[in-house]
Amino acid sequence: MSAQLLRMEGISKSFPGVKALSKVRLDLNYGEVLALVGENGAGKSTLMKILSGVYQKDEGEIYLEGNKVEIPNAKAAQEMGISIIHQELNLMPDLTVAQNIFIGREPRTGFNFFLKEKELNEKTAELLEKLNINLNPKETVSDLTVAKQQMVEIVKALSYNAKIIVMDEPTAALTESEIKTLFDLIENLKNKGVGIIYISHRMEELKVISDRITVMRDGQYIDTLYTKDTDMKKVISLMVGRHIQDESRPTTTVSKEAETVLEVKNLSTKNFLENISFTLKKGEILGFAGLMGAGRTEVARAIFGADKIDEGQIFINGKEVKINKPEDAVKHGIAYLSEDRKRYGLMLEMDVNSNILISSLSNYVNWLTFVNDSKGYVTSEEYVKSLKIKTPSIKQLAKNLSGGNQQKIVIAKWLAKNCDILIFDEPTRGIDVGAKTEIYQLLNELAQQGKSIIMISSELPEILRMSHRIIVMCEGRITGELTNEEASQEKIMDYATRTRS
Amino acid sequence: MSTGTAPNTETKKSGNLLKSNALQQILAFASLIVLILFFTISSDNFLNWTNITGILLSTTVIGIMALGTTFVIMTGGIDLSIGTGMTLCAVMTGVFIVFWDLPIIVGILGGILTGALMGFISGFSVSKLKIPPFIATLAMMMIAKGLALVISDATPIYFSDKPSFSEIALGSIIPGFNLPNGVLIFIIMAIIAGILLTKSIFGRFTTSIGSNEEATRLSGINTDKWKIIIYTVAGVFTGIAGVLMASRLNSAQPALGAGYELEAIAAVVIGGTSLSGGKGTILGTVIGALIMSVLTNGLRIMSIPQEWQTVVVGFVILVAVYIDIIRRGKSS
Amino acid sequence: MSTGTAPNTETKKSGNLLKSNALQQILAFASLIVLILFFTISSDNFLNWTNITGILLSTTVIGIMALGTTFVIMTGGIDLSIGTGMTLCAVMTGVFIVFWDLPIIVGILGGILTGALMGFISGFSVSKLKIPPFIATLAMMMIAKGLALVISDATPIYFSDKPSFSEIALGSIIPGFNLPNGVLIFIIMAIIAGILLTKSIFGRFTTSIGSNEEATRLSGINTDKWKIIIYTVAGVFTGIAGVLMASRLNSAQPALGAGYELEAIAAVVIGGTSLSGGKGTILGTVIGALIMSVLTNGLRIMSIPQEWQTVVVGFVILVAVYIDIIRRGKSS
Amino acid sequence: GSSSKNESEGSSESAGGDSGKPYIAIVSKGFQHQFWQAVKKGAEQAAKEFDVEITFEGPESESQVDKQIEMLRTAIDKKPDAIGFAALDSQASIPLLKEADEKGIPIIAFDSGVDSDIPLATASTDNKAAAALAADKMAEKIGGKGKVALIVHDQTSITGVNRRDGFVERIKEKYPDIEIVDIQYGGGDQLKSTDLAKAIIQAHPDLKGIYGANEGSAIGVINAVKEMNKQGKIVVIGFDSGKQQIEAIKDGTMAGAITQNPVGIGYETVKAAVQAINGEKVEKVIDTGFYWYDKTNLDNEEIKSAIYE
Ligand SMILES: Nc1ncnc2c1ncn2[C@@H]1O[C@H](COP(=O)(O)OP(=O)(O)OP(=O)(O)O)[C@@H](O)[C@H]1O
Ligand SMILES: Nc1ncnc2c1ncn2[C@@H]1O[C@H](COP(=O)(O)OP(=O)(O)OP(=O)(O)O)[C@@H](O)[C@H]1O
Ligand SMILES: [Mg+2]
Ligand SMILES: [Mg+2]
């Protein structure tokens with residue numbers, strides 16, 4: 001173990017119109033967790049994709065255990081002992097958990113051609129047990145929640161017994177208990193001498209698990225710091241190049257007299273939800289807390305008409321409304337920002353402009369239903385500016401933007417539509433601290449303008465900081481309701497774990 | 001933040017875009033131009049006005065079907081019913097005009113409406129019943145084929161008593177300019193389709209649904225309704241193609257059309273429209289349709305044996321699409 | 001709040017799964033069983049051994065093509081070349097056995113190899129040249145069609161001098177049991193296909209590619225290579241179908257086969273395989289193929305006029321697929 | 001450019017080949033089926049004999065009227081010295097025939113006529129009469145009563161319709177005890193026709209005879225009878241020729257078949273075209289005849305020249 005585990009030097013990479021990386025360097029020691037931080041679009045994922053053979057670098061060198069290497073494809077990276085958990089899920093939804101984890105490495109017999117399915121499942125069960133992860137090897141991945149899918153991805157990366165493991169925002173979809181499991185795993189790996197590159201926007205995590213932090217900004221290397229000697233505020237200012245204010249509680253209040261804009265009564269679905277009832281007032285931010293799979297997304301989708309409601313009533317401004325499809329919801333002024341922007345939020349192959357205007361397109365057409373592009377461009381440009389969406393132009397395809405900027409496009413879509421009730425499902429998932437603050441500000445502004453907001457979040461600090469009122473869910477039921485003053489992390493967790501037994 | 005670099009990238013980018021856009025426009029024609037040059041050199045009889053109008057006229061029916069089906073393919077769907085569907089429209093036009101003796105214009109509208117109705121049913125099956133487009137329109141293809149025979153009693157319906165009917169495709173409305181009306185109609189339909197796709201909310205939603213249907217639905221757009229509309233509009237194009245076919249043959253031939261859908265779809269794909277949806281242009285489809293008909297015509301003019309013609313067409317399709325793929329790869 | 005209503009969600013779920021699985025197996029046959037019952041009641045001549053073997057024999061060619069193409073469709077691809085490709089394989093078998101006078105077994109292998117070669121070329125075009133499967137195999141369909149005519153000089157090749165050749169499809173190897181060999185071969189091929197799909201890495205990678213090709217590639221699997229293999233294997237099935245066809249007709253008919261691909265694909269989709277890839281079963285394909293041939297046979301036995309047969313088949317396809325969709329919707 | 005080339009000078013210039021020989025473009029009803037291949041063979045024989053150049057093409061199926069029109073259109077654009085044309089639809093092609101006529105290109109119709117005086121000659125046989133002969137033979141072989149069925153290749157094309165109607169009408173007129181139980185269409189596809197015929201035999205166990213209206217249909221019937229072991233129990237009457245029909249006649253599976261002398265049709269067409277080019281007078285109607293052939297007359301010279309293997 002003389003040489004360093006990994007050294008990347010002078011790495012540059014351009015995409016058409018975007019210089020994603022310019023002369024970036026990074027080094028990693030045995031048994032170390034190196035955090036890689038930077039704003040959305042800083043180039044973190046791109047750098048890691050170069051390391052794992054997904055992209056080819058334009059220039060620069062990579063040294064693995066002292067030897068200069070070329071990484072032409074994903075397979076080569078695996079063979080060199082580099083394994084990666086991608087930011088986007090990379091699973092085969094029609095295969096089972098076990099089949100996903102060991103794809104290409106299945107136990108075989110008969111000319112190495114026939115599968116030993118039983119052995120595969122046993123092997124997976126063993127691995128899952130060893131890692132202390134609760135998953136059924138035989139379950140089909142498409143039936144799993146995003147969080148569980150993320151766990152599959154993690155298990156798959158760990159199963160390679162790699163020397164280097166890259167984790168690109170592994171916790172973005174996870175809740176507290178799984179994050180803890182993951183951190184235990186990381187600790188274990190460290191002790192075995194594995195080097196880990198850890199990308200996350202959750203600053204508090206970095207403090208807990210990282211040894212050093214490398215900061216990137218705008219495709220450039222900024223600095224590397226030792227975690228224990230560093231104040232997180234410093235990291236953040238390096239990242240964004242400015243100082244960020246941090247509140248811990250809402251800055252506004254909702255008056256008692258504020259009218260109720262949305263009331264949900266006894267909403268149930270056959271499969272899961274049970275008697276969900278709550279109200280939302282004008283200008284209020286209502287937080288929805290709960291553990292993974294508590295049913296918050298289901299509630300949101302049901303109200304929005306994305307899924308079928310089996311029972312229950314919805315009142316808007318005191319009048320009962322029937323919402324059978326998202327179109328109805330939008331007509332009644334409800335907007336829904338989903339937790340999985342790639343699948344449910346964006347037209348990745350279309351440009352930023354089209355994505356922003358899609359919901360409000362009817363405002364930009366003449367009597368012949370022809371779209372008035374120039375009028376639309378003005379609106380798009382406005383939102384690109386006001387939300388600080390980092391894009392070369394509004395004509396850029398959505399798929400070419402970084403995760404955080406994609407999220408902002410989805411927000412812009414609903415702002416352009418000017419809905420009164422906004423449901424934000426994990427609005428800051430995968431978003432950097434700078435942008436997070438901007439989004440918090442935005443939510444507050446919107447509330448002040450009299451919009452009503454439901455904010456679903458798995459990050460308790462975020463819930464506490466933003467919500468006027470908090471609803472806690474567990475197993476498809478509402479188990480508690482707290483005002484901001486009463487609420488604390490402990491209380492919320494208490495309600496969130498009130499399972500039936 | 002680093003403000004200095006940003007504007008730089010932007011101008012550079014748009015410069016690149018301009019260059020590559022211009023290149024794209026030219027290269028999209030490349031296969032077609034190469035073909036035309038080749039045939040012009042190979043045969044004296046290729047590049048003259050009669051043959052050019054001949055080629056254009058032979059493009060009209062498949063071309064108009066291809067225009068309509070471009071929308072369907074843009075949504076990520078497919079329409080296999082356009083071939084025999086076109087025939088059913090022709091037969092219905094015959095029924096209205098010849099059997100029921102309705103005015104020609106009513107008969108034409110009736111034929112077009114038949115297409116719209118078929119499109120509506122396909123769209124309904126696809127969006128409301130969630131039947132995959134391939135299978136929904138395959139079924140529709142069979143139903144249309146059978147119905148065309150049933151309704152016409154398996155006999156051609158002749159428009160001989162309505163001499164003006166054949167003027168629709170073969171007459172020439174522009175005085176002194178010997179361009180068949182059918183070609184004119186094709187050009188007009190192409191322009192309409194182009195405007196619809198790029199300028200109207202209809203086209204925007206078509207692209208959006210093809211790009212990500214679920215995200216479009218969750219943006220508050222009634223995707224089911226729009227898919228029905230899209231298939232119906234495609235059906236209108238099929239109907240127009242049927243009327244033109246009937247006019248050109250001065251008769252509704254009830255057994256025609258099986259397999260034509262593949263030609264139309266090939267034209268669309270050669271034109272660069274992606275079968276997985278979200279990407280495509282009308283100009284591309286027009287070029288694709290022209291490539292197909294120039295090729296067929298040129299090979300015939302050169303008196304290439306028929307069985308070899310099929311082989312060559314297959315091969316050219318491969319090459320044309322491959323060139324298009326390379327071009328895209330380069331330009332992006 | 002309401003405690004103790006539902007017990008453990010997990011046991012509840014697996015219980016449901018078990019029940020719904022058994023139900024699934026039965027319901028998958030539902031359309032087929034309904035059809036058989038209907039025809040048995042409608043006609044005395046339907047359910048007897050001769051007719052059953054007749055139906056099975058008429059399923060073999062399309063059925064074997066459907067088996068092969070199930071793999072291709074499972075990857076999210078499509079193969080339009082199987083119809084005319086099958087014909088080319090039959091012609092090549094004729095060339096080897098009749099023209100070149102090679103031993104029958106060599107001729108058969110030659111025919112199958114022709115299929116494999118075509119599959120290889122399609123697979124290569126799709127994976128290496130990145131040509132969309134629809135267009136790559138459409139081109140291959142035309143090329144095969146033309147070549148079959150060129151090679152055979154547009155004349156059937158007769159196997160009359162090799163009497164044992166027709167035994168392949170029509171003989172009966174099991175003594176005392178009057179089951180044509182063709183049917184036996186179909187059953188064996190179905191079993192092989194089933195094992196390949198569910199028990200081998202070949203099948204695993206097929207499903208995986210269809211499920212998420214990019215993720216499969218990023219898992220270190222050479223998806224391009226596997227896609228070529230998958231198309232080649234599908235080609236082997238096409239080749240076998242071609243040999244069977246030649247044997248049954250005791251001649252290689254060069255002009256046959258156009259349109260057969262749609263029947264085979266319909267069988268696959270009716271059998272529940274998803275055209276977007278990742279989901280499908282061989283049993284489903286077999287049932288799908290049987291539904292098609294039972295339907296055609298039954299309608300013929302009932303002497304339904306042919307134009308109406310087409311309409312009915314189209315309609316039944318719609319209904320069968322719709323029932324399947326509802327069944328899936330319920331069970332998930 | 002070349003587009004300004006004057007068309008009227010076309011026909012004398014001979015554009016088909018560089019050889020300077022007269023060029024005759026033949027647009028047929030099909031090219032894949034054996035019948036049309038035989039017509040082509042006859043045409044090629046004549047071309048060799050009269051030292052002219054020909055091309056021969058036709059659509060894939062006899063329903064593709066529009067494709068045939070395209071072919072005729074290109075044929076005219078090639079400025080041939082004469083055109084041989086077998087119209088799929090007797091009316092749809094008239095505008096083009098007029099155009100050819102105006103350009104001075106002589107037209108010889110074959111196989112079936114056109115509703116127009118433009119063709120200088122028509123080389124064909126009466127499909128209907130030929131099919132009626134098949135009906136007579138069927139009646140004779142089954143003893144004048146019982147159930148019969150038809151497998152026809154095409155439901156809409158003139159050939160298909162005439163070969164069906166000629167048979168059906170004759171049965172209705174002359175043989176009241178014969179019942180036609182089913183008519184199905186197999187597109188001339190041997191495999192489909194086989195399964196069709198099997199289903200018909202299955203549905204009507206007391207069926208006496210089946211008539212296959214072209215080569216593919218007839219072969220389908222032969223296959224079906226063989227597969228169901230009904231040789232000798234069901235009378236099979238065919239149409240056209242080809243190796244399999246001839247063999248079936250020899251081994252007794254098929255009672256006999258009608259042939260229309262396709263080779264002769266092709267030969268006469270080209271011959272008439274050459275006469276027209278040379279300004280000679282051509283006969284308006286050239287009847288190429290049809291024949292019944294069976295075991296007894298297979299070796300007959302006249303029959304031998306009219307059938308093909
Ligand atoms: N395939 C691509 N084509 C064009 N541009 C791309 C592509 N992939 C990334 N980019 C651009 O490269 C830059 C870096 O993106 P990257 O995904 O590496 O950022 P990131 O630091 O991971 O951000 P996030 O925290 O939001 O995930 C961004 O400007 C992005 O738009
Ligand atoms: N159709 C269904 N049938 C049965 N269970 C379902 C169905 N849909 C969702 N579930 C289950 O319902 C639960 C609620 O999921 P949901 O996504 O709403 O939770 P959430 O609180 O938003 O959590 P997350 O953090 O995962 O987003 C999950 O356990 C999920 O597995
Ligand atoms: Mg990233
Ligand atoms: Mg959720």
# chains A, B, ... in the order shown; residues from 1 in each chain; ligands from 1
>>> select_by_dssp(residues="range 221-378 of chain A", states="helix (DSSP H, G or I)", output="number ranges by chain")
A: 227-229, 232-240, 296-304, 326-331, 341-344, 352-364, 373-378
>>> residues_near_ligand(ligand="ligand 1", cutoff="6 Å", atoms="only C-alpha atoms and all ligand atoms", output="list in words")
Phe15, Val18, Ala20, Glu39, Asn40, Gly41, Ala42, Gly43, Lys44, Ser45, Thr46, Asn400, Leu401, Ser402, Gly403 and Gly404 of chain A
>>> write_last_selection(atoms="N, CA and C atoms", output="PDB file, in the first residue's frame")
ATOM      1  N   PHE A  15     -18.955  18.859 -23.372  1.00  0.00           N
ATOM      2  CA  PHE A  15     -20.110  18.422 -24.135  1.00  0.00           C
ATOM      3  C   PHE A  15     -20.421  19.545 -25.103  1.00  0.00           C
ATOM      4  N   VAL A  18     -21.021  22.938 -23.685  1.00  0.00           N
ATOM      5  CA  VAL A  18     -20.750  23.017 -22.244  1.00  0.00           C
ATOM      6  C   VAL A  18     -19.365  22.460 -21.959  1.00  0.00           C
ATOM      7  N   ALA A  20     -17.831  20.880 -19.220  1.00  0.00           N
ATOM      8  CA  ALA A  20     -18.284  20.349 -17.935  1.00  0.00           C
ATOM      9  C   ALA A  20     -17.134  20.273 -16.930  1.00  0.00           C
ATOM     10  N   GLU A  39     -21.920  22.800  -6.335  1.00  0.00           N
ATOM     11  CA  GLU A  39     -23.292  23.132  -6.698  1.00  0.00           C
ATOM     12  C   GLU A  39     -23.774  22.219  -7.808  1.00  0.00           C
ATOM     13  N   ASN A  40     -25.076  22.289  -8.060  1.00  0.00           N
ATOM     14  CA  ASN A  40     -25.621  21.547  -9.181  1.00  0.00           C
ATOM     15  C   ASN A  40     -24.908  21.980 -10.459  1.00  0.00           C
ATOM     16  N   GLY A  41     -24.504  20.985 -11.221  1.00  0.00           N
ATOM     17  CA  GLY A  41     -23.840  21.290 -12.480  1.00  0.00           C
ATOM     18  C   GLY A  41     -22.371  21.594 -12.325  1.00  0.00           C
ATOM     19  N   ALA A  42     -21.819  21.389 -11.128  1.00  0.00           N
ATOM     20  CA  ALA A  42     -20.400  21.669 -10.923  1.00  0.00           C
ATOM     21  C   ALA A  42     -19.535  20.666 -11.691  1.00  0.00           C
ATOM     22  N   GLY A  43     -20.081  19.501 -11.978  1.00  0.00           N
ATOM     23  CA  GLY A  43     -19.322  18.525 -12.751  1.00  0.00           C
ATOM     24  C   GLY A  43     -18.970  17.267 -11.976  1.00  0.00           C
ATOM     25  N   LYS A  44     -19.561  17.092 -10.810  1.00  0.00           N
ATOM     26  CA  LYS A  44     -19.231  15.953  -9.966  1.00  0.00           C
ATOM     27  C   LYS A  44     -19.573  14.622 -10.649  1.00  0.00           C
ATOM     28  N   SER A  45     -20.797  14.543 -11.119  1.00  0.00           N
ATOM     29  CA  SER A  45     -21.216  13.291 -11.751  1.00  0.00           C
ATOM     30  C   SER A  45     -20.394  13.017 -13.000  1.00  0.00           C
ATOM     31  N   THR A  46     -20.111  14.059 -13.749  1.00  0.00           N
ATOM     32  CA  THR A  46     -19.332  13.880 -14.970  1.00  0.00           C
ATOM     33  C   THR A  46     -17.960  13.305 -14.640  1.00  0.00           C
ATOM     34  N   ASN A 400     -29.665  17.423 -20.850  1.00  0.00           N
ATOM     35  CA  ASN A 400     -28.268  17.844 -20.727  1.00  0.00           C
ATOM     36  C   ASN A 400     -27.988  18.716 -19.514  1.00  0.00           C
ATOM     37  N   LEU A 401     -29.029  18.986 -18.720  1.00  0.00           N
ATOM     38  CA  LEU A 401     -28.795  19.786 -17.524  1.00  0.00           C
ATOM     39  C   LEU A 401     -28.503  18.879 -16.335  1.00  0.00           C
ATOM     40  N   SER A 402     -27.844  19.448 -15.325  1.00  0.00           N
ATOM     41  CA  SER A 402     -27.585  18.657 -14.129  1.00  0.00           C
ATOM     42  C   SER A 402     -28.875  18.498 -13.334  1.00  0.00           C
ATOM     43  N   GLY A 403     -28.857  17.526 -12.428  1.00  0.00           N
ATOM     44  CA  GLY A 403     -30.054  17.179 -11.674  1.00  0.00           C
ATOM     45  C   GLY A 403     -30.742  18.364 -11.027  1.00  0.00           C
ATOM     46  N   GLY A 404     -29.977  19.181 -10.367  1.00  0.00           N
ATOM     47  CA  GLY A 404     -30.557  20.307  -9.645  1.00  0.00           C
ATOM     48  C   GLY A 404     -31.249  21.283 -10.577  1.00  0.00           C
TER      49      GLY A 404
END
>>> closest_atom_pairs(of="chain A", to="ligand 2", cutoff="8 Å", atoms="only C-alpha atoms and all ligand atoms", output="JSON lines")
{"residue": "A:Asp143", "atom": "CA", "partner": "ligand 2", "partner_atom_place_in_ligand_line": "31 (O)", "distance": 7.3}
{"residue": "A:Leu144", "atom": "CA", "partner": "ligand 2", "partner_atom_place_in_ligand_line": "31 (O)", "distance": 6.2}
{"residue": "A:Thr145", "atom": "CA", "partner": "ligand 2", "partner_atom_place_in_ligand_line": "31 (O)", "distance": 5.5}
{"residue": "A:Val146", "atom": "CA", "partner": "ligand 2", "partner_atom_place_in_ligand_line": "26 (O)", "distance": 5.9}
{"residue": "A:Ala147", "atom": "CA", "partner": "ligand 2", "partner_atom_place_in_ligand_line": "26 (O)", "distance": 5.5}
{"residue": "A:Lys148", "atom": "CA", "partner": "ligand 2", "partner_atom_place_in_ligand_line": "26 (O)", "distance": 8.0}
{"residue": "A:Ala173", "atom": "CA", "partner": "ligand 2", "partner_atom_place_in_ligand_line": "25 (O)", "distance": 6.8}
{"residue": "A:Leu174", "atom": "CA", "partner": "ligand 2", "partner_atom_place_in_ligand_line": "25 (O)", "distance": 6.9}
{"residue": "A:Thr175", "atom": "CA", "partner": "ligand 2", "partner_atom_place_in_ligand_line": "25 (O)", "distance": 6.7}
{"residue": "A:Asn271", "atom": "CA", "partner": "ligand 2", "partner_atom_place_in_ligand_line": "3 (N)", "distance": 4.8}
{"residue": "A:Phe272", "atom": "CA", "partner": "ligand 2", "partner_atom_place_in_ligand_line": "5 (N)", "distance": 5.8}
{"residue": "A:Leu273", "atom": "CA", "partner": "ligand 2", "partner_atom_place_in_ligand_line": "12 (O)", "distance": 7.8}
{"residue": "A:Ala289", "atom": "CA", "partner": "ligand 2", "partner_atom_place_in_ligand_line": "21 (O)", "distance": 7.7}
{"residue": "A:Gly290", "atom": "CA", "partner": "ligand 2", "partner_atom_place_in_ligand_line": "21 (O)", "distance": 6.0}
{"residue": "A:Leu291", "atom": "CA", "partner": "ligand 2", "partner_atom_place_in_ligand_line": "21 (O)", "distance": 6.1}
{"residue": "A:Met292", "atom": "CA", "partner": "ligand 2", "partner_atom_place_in_ligand_line": "25 (O)", "distance": 3.7}
{"residue": "A:Gly293", "atom": "CA", "partner": "ligand 2", "partner_atom_place_in_ligand_line": "19 (O)", "distance": 3.3}
{"residue": "A:Ala294", "atom": "CA", "partner": "ligand 2", "partner_atom_place_in_ligand_line": "21 (O)", "distance": 3.7}
{"residue": "A:Gly295", "atom": "CA", "partner": "ligand 2", "partner_atom_place_in_ligand_line": "18 (O)", "distance": 3.2}
{"residue": "A:Arg296", "atom": "CA", "partner": "ligand 2", "partner_atom_place_in_ligand_line": "21 (O)", "distance": 3.7}
{"residue": "A:Thr297", "atom": "CA", "partner": "ligand 2", "partner_atom_place_in_ligand_line": "22 (O)", "distance": 3.5}
{"residue": "A:Glu298", "atom": "CA", "partner": "ligand 2", "partner_atom_place_in_ligand_line": "18 (O)", "distance": 3.7}
{"residue": "A:Val299", "atom": "CA", "partner": "ligand 2", "partner_atom_place_in_ligand_line": "18 (O)", "distance": 6.6}
{"residue": "A:Ala300", "atom": "CA", "partner": "ligand 2", "partner_atom_place_in_ligand_line": "18 (O)", "distance": 8.0}
{"residue": "A:Glu339", "atom": "CA", "partner": "ligand 2", "partner_atom_place_in_ligand_line": "27 (O)", "distance": 7.0}
{"residue": "A:Asp425", "atom": "CA", "partner": "ligand 2", "partner_atom_place_in_ligand_line": "22 (O)", "distance": 7.8}
{"residue": "A:Glu426", "atom": "CA", "partner": "ligand 2", "partner_atom_place_in_ligand_line": "27 (O)", "distance": 8.0}
{"residue": "A:Ile456", "atom": "CA", "partner": "ligand 2", "partner_atom_place_in_ligand_line": "22 (O)", "distance": 7.6}
{"residue": "A:Ser457", "atom": "CA", "partner": "ligand 2", "partner_atom_place_in_ligand_line": "25 (O)", "distance": 7.8}
{"residue": "A:Ser458", "atom": "CA", "partner": "ligand 2", "partner_atom_place_in_ligand_line": "25 (O)", "distance": 6.3}
{"residue": "A:Met473", "atom": "CA", "partner": "ligand 2", "partner_atom_place_in_ligand_line": "21 (O)", "distance": 7.3}
{"residue": "A:Cys474", "atom": "CA", "partner": "ligand 2", "partner_atom_place_in_ligand_line": "21 (O)", "distance": 7.8}
{"residue": "A:Glu475", "atom": "CA", "partner": "ligand 2", "partner_atom_place_in_ligand_line": "13 (C)", "distance": 6.8}
{"residue": "A:Gly476", "atom": "CA", "partner": "ligand 2", "partner_atom_place_in_ligand_line": "14 (C)", "distance": 6.4}
>>> calpha_fit_rmsd(fixed="chain B", moving="chain C")
2.0 Å
>>> residues_around(residues="Asp101 in chain B", least_positions_apart="5", cutoff="12 Å", atoms="only C-alpha atoms", output="VMD selection string")
chain B and resid 93 to 96 106 to 107 159 161 to 162
>>> interface_residues(of="chain D", to="chain C", cutoff="10 Å", atoms="only C-alpha atoms", output="MDAnalysis selection string")
chainID D and resid 31:34 37:38 60 155 181:192 194:205 216 219:220 222:224 227:228 242:244 247 309
>>> interface_residues(of="chain C", to="chain A", cutoff="8 Å", atoms="only C-alpha atoms", output="ChimeraX atom specification")
/C:1,3-4,7,199-202,205,207-208,211-212,214-221,278-279
>>> write_last_selection(atoms="N, CA and C atoms", output="short mmCIF file (atom, residue, chain, number, x, y, z; two decimals), in the first residue's frame")
data_model
loop_
_atom_site.label_atom_id
_atom_site.label_comp_id
_atom_site.auth_asym_id
_atom_site.auth_seq_id
_atom_site.Cartn_x
_atom_site.Cartn_y
_atom_site.Cartn_z
N MET C 1 -55.11 5.54 16.65
CA MET C 1 -55.91 5.38 15.42
C MET C 1 -56.21 3.91 15.16
N THR C 3 -56.02 0.52 14.80
CA THR C 3 -54.95 -0.48 14.91
C THR C 3 -55.51 -1.87 14.68
N GLY C 4 -54.65 -2.77 14.32
CA GLY C 4 -55.03 -4.18 14.24
C GLY C 4 -55.97 -4.55 13.11
N PRO C 7 -53.31 -7.31 9.17
CA PRO C 7 -52.18 -7.89 9.86
C PRO C 7 -50.87 -7.46 9.21
N LYS C 199 -34.12 -20.18 -18.16
CA LYS C 199 -33.09 -20.88 -17.38
C LYS C 199 -31.67 -20.55 -17.81
N SER C 200 -31.50 -19.81 -18.88
CA SER C 200 -30.13 -19.60 -19.36
C SER C 200 -29.72 -18.13 -19.29
N ILE C 201 -28.43 -17.91 -19.34
CA ILE C 201 -27.97 -16.52 -19.31
C ILE C 201 -28.44 -15.80 -20.57
N PHE C 202 -28.62 -16.54 -21.64
CA PHE C 202 -29.14 -15.96 -22.86
C PHE C 202 -30.49 -15.27 -22.59
N PHE C 205 -30.14 -12.24 -20.16
CA PHE C 205 -29.66 -11.02 -20.79
C PHE C 205 -30.71 -10.45 -21.75
N THR C 207 -33.96 -10.53 -21.29
CA THR C 207 -34.88 -9.78 -20.44
C THR C 207 -34.23 -8.50 -19.94
N SER C 208 -32.99 -8.62 -19.54
CA SER C 208 -32.29 -7.49 -18.96
C SER C 208 -32.14 -6.36 -19.97
N SER C 211 -35.36 -4.72 -20.50
CA SER C 211 -35.80 -4.01 -19.32
C SER C 211 -35.11 -2.66 -19.19
N ASN C 212 -33.82 -2.64 -19.40
CA ASN C 212 -33.06 -1.39 -19.37
C ASN C 212 -31.70 -1.66 -20.00
N GLU C 214 -29.35 0.31 -21.18
CA GLU C 214 -28.20 1.10 -20.72
C GLU C 214 -27.69 0.57 -19.38
N ALA C 215 -28.61 0.26 -18.49
CA ALA C 215 -28.19 -0.27 -17.19
C ALA C 215 -27.48 -1.61 -17.37
N THR C 216 -27.97 -2.40 -18.29
CA THR C 216 -27.33 -3.69 -18.55
C THR C 216 -25.90 -3.48 -19.05
N ARG C 217 -25.76 -2.53 -19.95
CA ARG C 217 -24.43 -2.24 -20.49
C ARG C 217 -23.52 -1.75 -19.37
N LEU C 218 -24.05 -0.87 -18.52
CA LEU C 218 -23.23 -0.34 -17.44
C LEU C 218 -22.92 -1.40 -16.40
N SER C 219 -23.65 -2.51 -16.43
CA SER C 219 -23.32 -3.61 -15.53
C SER C 219 -22.20 -4.47 -16.11
N GLY C 220 -21.60 -4.01 -17.17
CA GLY C 220 -20.45 -4.72 -17.72
C GLY C 220 -20.80 -5.80 -18.72
N ILE C 221 -22.03 -5.78 -19.20
CA ILE C 221 -22.42 -6.80 -20.17
C ILE C 221 -22.33 -6.23 -21.57
N GLY C 278 -38.71 -6.57 -22.14
CA GLY C 278 -38.56 -6.91 -20.73
C GLY C 278 -39.56 -7.90 -20.18
N LYS C 279 -40.74 -7.95 -20.80
CA LYS C 279 -41.78 -8.82 -20.25
C LYS C 279 -42.31 -9.78 -21.30
#
>>> atom_distance(atom1="CA of Ile234 in chain D", atom2="CA of Ala218 in chain D")
13.1 Å
>>> residues_around(residues="Ala241 in chain B", least_positions_apart="6", cutoff="8 Å", atoms="only C-alpha atoms", output="list of chain:residue names")
B:Thr60, B:Val61, B:Ile62, B:Ile64, B:Met65, B:Met86
>>> interface_residues(of="chain B", to="chain C", cutoff="7 Å", atoms="only C-alpha atoms", output="PyMOL selection string")
chain B and resi 129+131+135-136+139-140+142-143+146-147+149-150+266+307-308+310-311+314-315+317-318+321-322
